[in-house]
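See below for the structure under consideration.
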Amino acid sequence: MLRKIILLIIWLFTTTTFAQTDWYGALRQWLTAEDMEEAYGEETMELLEEMVGARINLNQTTREELEQLPFLSAQQVEGLVEYLDRYRPIHSLSELQMVTALDYETRRLLEYFVEVREEKPKSVWPKLDNVLKYGRHTFMATAKIPFYERRGDRNGYLGYRYRHDLRYQFNYNNRIKFGLTAAQDAGEPFFSGQNSQGYDHYSYYLQLRDMGILEELNIGMYRVQMGLGLVMNTGFRLGKLATLQSMGRSTRTLTAHSSRSDAGYLQGAATTLRLSKHWSITAFASLRYIDATLNEDGTARTLITSGYHRTPTEMSKKHNTQESDFGGSIGWRKGTLYVNANTVYTHFNRPLQPQTATLYRRYANGGGVICLMAVWITAIITIAGLWLVRRL
């Protein structure tokens, strides 16, 4: 019996490995050490895994859908959209060679995430039978077991030295998606103390996309990016892929938070409505508890985003402050020309009193109960730049 179980595990591992080898190997040339950091690397690979399973139909795609591919630059997306608008329907992926903005390596990687099918009218609301029949269920469990002992493991940490997490996701053609993530860092208590409910962090989300006027709806945990990340970016990242995504691109404002990270997300509801061909509006509301270091008078000295709750000191700071966020955006877009008006309101239930005597905190926000209001008009015109590049 044990031999059969071992053979089954080996078979599952090898089939999964071979299925991923081709596109993952082609992607590795784009990745740097920063890209493969835990939060960003996991989210990027999860997104690409989903897109491999539900490939983009080039005969029925949109600019926004192509912009989800993190390895495509703004110029490559524009070149591909221009070719599709002029020559669609296309009949073979070999036609990608006609898009001059795509080099050989990018075309090779792109072919794993796109396909050519007959264009069919897309129903506004998918049928329940199709959702249940063609939806994909994914369950993943990971664990990290160190073969060494840390100082905190011997004296200080409240839990075991093992890190583990569970993930479940249901995905129907990237239009209906919901899931649950439970994560535990090494050293955090499990089913004990303040974690009597099991894991230290739970992430849950429901996402609906591309359903008539409803461009996107997120319920649960989600991330917001407005003004190309300059106005608001709850999923800030570093690395080559992150830089490539932010150069002249207008990726979706809202995305579901499926990561094990305990920071960089909002909790509540958010939606984007397509008012017309060129106009759209986004609104979000969030209420969540965050970690903070408190002063003796109950004010907040610093806001903590590490998500670690391994020691009694770290555990005492868990979710002791409340953050409320509200905001929205209205935008007009035609091709590569788009203009957005964005507003963000943030409120903490505790006054923020940082130790400004420390040099690097001298200009930190402080005072009464914090209310941050930012209204930005962001006008980004890239069509002139693209025209100039082509001329040169």
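Following the order of the structure tokens, first chain is A, next is B, and so on, with residues numbered from 1 inside each chain and ligands from 1 in the order they appear.
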
Q.
List as a list in words the protein and nucleic acid residues near Pro126 in chain A, meaning an atom at most 12 Å away when only C-alpha atoms are counted, but skip any in the same chain fewer than 3 places from it.
A.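 Residues near the query, excluding close chain neighbours: Pro121, Lys122, Ser123, Asp129, Asn130, Val131, Leu132, Lys133, Tyr134, Gly135, Tyr172, Asn173, Asn174, Arg175, Ile176, Leu208, Arg209, Asp210, Met211 and Gly212 of chain A.
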
Q) So which residues touch Arg88 in chain A within 12 Å, counting only C-alpha atoms, skipping near sequence neighbours fewer than 6 positions away, as a list in words? A)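 These residues fall inside the cut-off: Asn57, Leu58, Asn59, Gln60, Thr61, Leu80, Val81, Glu82, Glu95, Leu96, Val116, Arg117, Glu118 and Glu119 of chain A.
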